[in-house]
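Novice: Take a look at the following structure, please.
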Amino acid sequence: MLVLVGDLGAGKTAFSKAYGAALGVTEPMTSPTFTLAREYQGRLPLHHLDVYRLEMMSEVLDLDLPDLLDSGGVVLIEWGDAILSTLPADFLEIRFTFGEGDDDRHIELRPVGARWCGREAALADALGTSIAGGEPC
Amino acid sequence: MGLILAIETSCDETAASVVESGTNVLSSVVSSQIDIHARYGGVVPEVASRAHVEMLTPVIAQAMVEAGIEPDELTAVAATVGPGLIGSLLIGVSAAKSLALVWDKPFVPVNHLEGHLYAASLEEPDMPMPVVTLLVSGGHTMLVLQEGHGQYRLLGETLDDAAGEAFDKVARYLGLGYPGGPIIDRMAADGDPMAISFPRAMMNDGYDFSFSGLKTSVVNHVRKNPDAADVDVAASFQEAVVDVLVTKARRAVHEYGAEALCIGGGVAANSGLRERVLDVCVEDGLRALIPSRSMCTDNAAMIAAAGWWRWQSDGGASLDHGADSSLRLQTI
């Protein structure tokens, strides 16, 4: 599960589209804001969720995240900040902030939970950089 | 002649309507949940479902009483089966199927998008074909070429955000409230549409749309110019959206030899868009099919109109027909 956090226009949707493309999703990934969730088929099933409108716990429960995670696919949640405290134990938080120029963005990764912490070294390797901002795993 | 009772619960409006022969609206009742959702800055699905359950029975009863008809006079009962929020859709579909069963009438499933395409026909019964319709709402943005009843070609659609979604998100970012469309529309009237030059994505390139970059561009501008007047930002943003929508729709009308340009969906209630469509049609000698505002936003009369044509072409559906939150427009 990847949790995308950042203000409007910070790049969450752009990241989602690129992620989907990298996963082999060929159909256009449109904003899931209206229907809350859309499902795509790449090399793995991809569940694209947008909780922009959700501010109540019961709503998050309705999305049935544990069930989605058990489906063996990837769950990508935009605006995950609002529901961080209700998320299952294991996820990678990807935080987008604005940089100097219009097109500059800072991206911070934070592994949460034993499974994602176990992948920290592999993540850093793949990115060729250190993983900043994370709490000690 | 035929009388259709239609039920619409795909998003945040609970609506029922009785329409005669697809064009004569005998009643159209809409109970909006806007006040309920305003404090959340958008539609909250679970809240919407509960409100539909509470409102649906009185709304249907009112539609029947206002129309002055008895159930046995109905030809069929229609309902929106998608696309929309699944919890909301199921309430309207279940109600319609129950009534169809009890009253022994056929059940007609209707695509919400087809409803928007038929909204203009309620006020313009002799809709010319082929017609190009710009369908713009909170969940959808598409250009459709209609060559006959039920015969659609999808010319293009949004690759990211819907136009109405861009209005809502920009309004929320500027702290203006919900729903964003009407608020930005009102503010734009007092602002300078030329004050800020926002990007017009893919304006001369195909018929697909993209509004995600425009939203980011508004955010970037406001971050750098915190003193920018909200009315100017609103007017310039609206101008950019209308520019792209109308430029593409106009090009499609000419490329496909349509006689009319039609609009539908909640964003079709926007003053800037309505004026521009009218201007273009006058300039190009086209018929402008612009539904009244109450027929642009979600309502059940448009579902009855589309349902009437569906009933004539496809007949009734089985009562185990379900709802589909991501239903697509059936194209040829």
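Each chain in the structure tokens gets a letter, A, B and so on, in the order shown; residues start at 1 in every chain, and ligands are counted from 1 in the order they appear.
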Select, as a PDB file with N, CA and C atoms, in the first residue's frame, those residues of chain A with any atom no more than 6 Å from chain B (distances computed using only C-alpha atoms).
Specialist:
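Okay, this is what ended up in result_15.pdb:
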```pdb
ATOM      1  N   GLY A   9      -2.286  19.960  -6.303  1.00  0.00           N
ATOM      2  CA  GLY A   9      -1.312  20.346  -7.325  1.00  0.00           C
ATOM      3  C   GLY A   9       0.114  19.910  -7.024  1.00  0.00           C
ATOM      4  N   THR A  30      -7.871   8.053 -14.743  1.00  0.00           N
ATOM      5  CA  THR A  30      -8.492   9.344 -14.479  1.00  0.00           C
ATOM      6  C   THR A  30      -8.674   9.512 -12.974  1.00  0.00           C
ATOM      7  N   SER A  31      -9.007  10.726 -12.576  1.00  0.00           N
ATOM      8  CA  SER A  31      -9.129  11.022 -11.153  1.00  0.00           C
ATOM      9  C   SER A  31     -10.209  10.157 -10.508  1.00  0.00           C
ATOM     10  N   PHE A  34     -14.386  11.296  -7.869  1.00  0.00           N
ATOM     11  CA  PHE A  34     -15.843  11.204  -7.938  1.00  0.00           C
ATOM     12  C   PHE A  34     -16.375   9.881  -7.403  1.00  0.00           C
ATOM     13  N   THR A  35     -15.748   8.792  -7.793  1.00  0.00           N
ATOM     14  CA  THR A  35     -16.266   7.483  -7.388  1.00  0.00           C
ATOM     15  C   THR A  35     -15.486   6.866  -6.236  1.00  0.00           C
ATOM     16  N   ARG A  53     -12.453  13.504  -0.217  1.00  0.00           N
ATOM     17  CA  ARG A  53     -13.734  13.940   0.332  1.00  0.00           C
ATOM     18  C   ARG A  53     -14.050  13.338   1.682  1.00  0.00           C
TER      19      ARG A  53
END
```
Novice: Please give the complete set of residues from segment 102-142 of chain B that DSSP, run on the backbone, assigns to strand (DSSP E or B), formatted as a PyMOL selection string.
Specialist: chain B and resi 107-111+131-136+141-142
Novice: Those same residues, written as a short mmCIF file (atom, residue, chain, number, x, y, z; two decimals), in the first residue's frame with C-alpha atoms?
Specialist:
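Final output, result.cif:
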```cif
data_model
loop_
_atom_site.label_atom_id
_atom_site.label_comp_id
_atom_site.auth_asym_id
_atom_site.auth_seq_id
_atom_site.Cartn_x
_atom_site.Cartn_y
_atom_site.Cartn_z
CA PHE B 107 -38.26 -1.82 -15.22
CA VAL B 108 -36.03 0.26 -17.52
CA PRO B 109 -32.36 0.71 -16.55
CA VAL B 110 -30.89 4.06 -17.65
CA ASN B 111 -27.29 5.22 -18.00
CA VAL B 131 -25.61 16.64 -32.74
CA VAL B 132 -22.41 17.15 -30.80
CA THR B 133 -22.95 17.24 -27.04
CA LEU B 134 -20.47 18.56 -24.52
CA LEU B 135 -21.20 16.64 -21.33
CA VAL B 136 -19.54 18.36 -18.39
CA THR B 141 -16.13 15.54 -19.15
CA MET B 142 -16.75 14.19 -22.63
#
```
Novice: Please, which residues of segment 4-191 of chain B, numbered as in this document, come out helix (DSSP H, G or I) from DSSP, as a PyMOL selection string?
Specialist: chain B and resi 34-38+45-67+71-73+86-103+112-118+120-122+163-173+180-188
Novice: Tell me which protein, DNA and RNA residues are within 7 Å of segment 12-16 of chain B, counting only C-alpha atoms, leaving out same-chain ones fewer than 6 positions away, and put them as JSON, numbers by chain.
Specialist: {"B": [6, 28, 29, 30, 31, 32, 33, 43, 48, 52, 55, 56, 59, 60, 63, 298, 299, 300]}
Novice: Using only C-alpha atoms, which protein or nucleic acid residues come within 10 Å of segment 93-100 of chain A? Drop anything in the same chain fewer than 4 positions from it, and give the result as an MDAnalysis selection string.
Specialist: (chainID A and resid 1:12 15 77:81 84 104:112 116 133:134) or (chainID B and resid 220 223)
Novice: Please dump the current selection as an mmCIF file, in the first residue's frame; keep N, CA and C atoms.
Specialist:
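Contents of the output file out_4.cif:
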```
data_model
loop_
_atom_site.group_PDB
_atom_site.id
_atom_site.type_symbol
_atom_site.label_atom_id
_atom_site.label_comp_id
_atom_site.auth_asym_id
_atom_site.auth_seq_id
_atom_site.Cartn_x
_atom_site.Cartn_y
_atom_site.Cartn_z
ATOM 1 N N MET A 1 0.838 -1.192 0.000
ATOM 2 C CA MET A 1 0.000 0.000 0.000
ATOM 3 C C MET A 1 0.878 1.249 0.000
ATOM 4 N N LEU A 2 0.584 2.133 -0.946
ATOM 5 C CA LEU A 2 1.296 3.401 -1.037
ATOM 6 C C LEU A 2 0.318 4.515 -0.673
ATOM 7 N N VAL A 3 0.746 5.393 0.230
ATOM 8 C CA VAL A 3 -0.106 6.482 0.671
ATOM 9 C C VAL A 3 0.506 7.796 0.179
ATOM 10 N N LEU A 4 -0.212 8.486 -0.700
ATOM 11 C CA LEU A 4 0.313 9.721 -1.278
ATOM 12 C C LEU A 4 -0.234 10.915 -0.507
ATOM 13 N N VAL A 5 0.683 11.753 -0.028
ATOM 14 C CA VAL A 5 0.287 12.886 0.795
ATOM 15 C C VAL A 5 0.836 14.158 0.167
ATOM 16 N N GLY A 6 0.011 15.193 0.087
ATOM 17 C CA GLY A 6 0.503 16.462 -0.453
ATOM 18 C C GLY A 6 -0.646 17.375 -0.799
ATOM 19 N N ASP A 7 -0.359 18.676 -0.893
ATOM 20 C CA ASP A 7 -1.406 19.653 -1.194
ATOM 21 C C ASP A 7 -1.919 19.500 -2.618
ATOM 22 N N LEU A 8 -2.990 20.218 -2.898
ATOM 23 C CA LEU A 8 -3.545 20.262 -4.245
ATOM 24 C C LEU A 8 -2.459 20.705 -5.231
ATOM 25 N N GLY A 9 -2.286 19.960 -6.303
ATOM 26 C CA GLY A 9 -1.312 20.346 -7.325
ATOM 27 C C GLY A 9 0.114 19.910 -7.024
ATOM 28 N N ALA A 10 0.296 19.156 -5.930
ATOM 29 C CA ALA A 10 1.654 18.772 -5.547
ATOM 30 C C ALA A 10 2.187 17.632 -6.410
ATOM 31 N N GLY A 11 1.312 16.908 -7.088
ATOM 32 C CA GLY A 11 1.803 15.882 -8.001
ATOM 33 C C GLY A 11 1.341 14.463 -7.705
ATOM 34 N N LYS A 12 0.345 14.326 -6.843
ATOM 35 C CA LYS A 12 -0.112 12.982 -6.478
ATOM 36 C C LYS A 12 -0.693 12.241 -7.689
ATOM 37 N N PHE A 15 1.982 11.353 -10.222
ATOM 38 C CA PHE A 15 2.732 10.193 -9.749
ATOM 39 C C PHE A 15 1.928 8.905 -9.988
ATOM 40 N N ILE A 77 -3.299 5.224 -2.443
ATOM 41 C CA ILE A 77 -4.296 6.106 -1.834
ATOM 42 C C ILE A 77 -3.847 7.562 -1.913
ATOM 43 N N GLU A 78 -4.626 8.406 -2.587
ATOM 44 C CA GLU A 78 -4.312 9.828 -2.623
ATOM 45 C C GLU A 78 -4.971 10.531 -1.444
ATOM 46 N N TRP A 79 -4.370 11.604 -1.011
ATOM 47 C CA TRP A 79 -4.854 12.380 0.136
ATOM 48 C C TRP A 79 -4.897 11.518 1.384
ATOM 49 N N GLY A 80 -3.962 10.566 1.472
ATOM 50 C CA GLY A 80 -3.976 9.620 2.585
ATOM 51 C C GLY A 80 -3.782 10.271 3.945
ATOM 52 N N ASP A 81 -3.269 11.504 3.956
ATOM 53 C CA ASP A 81 -2.994 12.211 5.196
ATOM 54 C C ASP A 81 -4.189 12.186 6.146
ATOM 55 N N LEU A 84 -4.461 8.788 7.926
ATOM 56 C CA LEU A 84 -3.247 8.068 8.327
ATOM 57 C C LEU A 84 -3.457 7.225 9.583
ATOM 58 N N ASP A 104 9.200 22.141 -9.678
ATOM 59 C CA ASP A 104 10.039 21.420 -8.719
ATOM 60 C C ASP A 104 9.204 20.834 -7.595
ATOM 61 N N ARG A 105 9.498 19.582 -7.245
ATOM 62 C CA ARG A 105 8.804 18.957 -6.119
ATOM 63 C C ARG A 105 9.810 18.202 -5.272
ATOM 64 N N HIS A 106 9.595 18.233 -3.980
ATOM 65 C CA HIS A 106 10.354 17.377 -3.077
ATOM 66 C C HIS A 106 9.488 16.163 -2.759
ATOM 67 N N ILE A 107 10.104 15.001 -2.825
ATOM 68 C CA ILE A 107 9.369 13.776 -2.522
ATOM 69 C C ILE A 107 10.068 13.055 -1.380
ATOM 70 N N GLU A 108 9.331 12.777 -0.331
ATOM 71 C CA GLU A 108 9.890 12.155 0.860
ATOM 72 C C GLU A 108 9.206 10.810 1.080
ATOM 73 N N LEU A 109 10.023 9.776 1.277
ATOM 74 C CA LEU A 109 9.450 8.450 1.502
ATOM 75 C C LEU A 109 9.555 8.078 2.978
ATOM 76 N N ARG A 110 8.516 7.481 3.514
ATOM 77 C CA ARG A 110 8.563 7.050 4.917
ATOM 78 C C ARG A 110 7.938 5.665 5.039
ATOM 79 N N PRO A 111 8.780 4.644 5.220
ATOM 80 C CA PRO A 111 8.227 3.302 5.403
ATOM 81 C C PRO A 111 7.613 3.177 6.792
ATOM 82 N N VAL A 112 6.439 2.571 6.858
ATOM 83 C CA VAL A 112 5.770 2.379 8.146
ATOM 84 C C VAL A 112 5.430 0.899 8.300
ATOM 85 N N TRP A 116 7.351 -2.840 5.401
ATOM 86 C CA TRP A 116 7.964 -1.775 4.610
ATOM 87 C C TRP A 116 9.336 -1.385 5.157
ATOM 88 N N GLY A 133 13.596 11.537 6.364
ATOM 89 C CA GLY A 133 12.380 11.893 7.097
ATOM 90 C C GLY A 133 11.695 10.742 7.789
ATOM 91 N N GLY A 134 12.190 9.546 7.635
ATOM 92 C CA GLY A 134 11.520 8.411 8.248
ATOM 93 C C GLY A 134 11.828 8.327 9.742
ATOM 94 N N ASN B 220 -0.059 27.266 -8.172
ATOM 95 C CA ASN B 220 1.246 27.924 -8.311
ATOM 96 C C ASN B 220 1.099 29.443 -8.338
ATOM 97 N N ARG B 223 0.191 30.762 -4.882
ATOM 98 C CA ARG B 223 1.330 30.662 -3.953
ATOM 99 C C ARG B 223 2.316 31.799 -4.172
#
```
Novice: Quick one: residues within 9 Å of Leu319 of chain B, only C-alpha atoms, excluding same-chain residues fewer than 2 positions away - as JSON, numbers by chain?
Specialist: {"B": [97, 98, 100, 101, 106, 107, 317, 321, 322]}
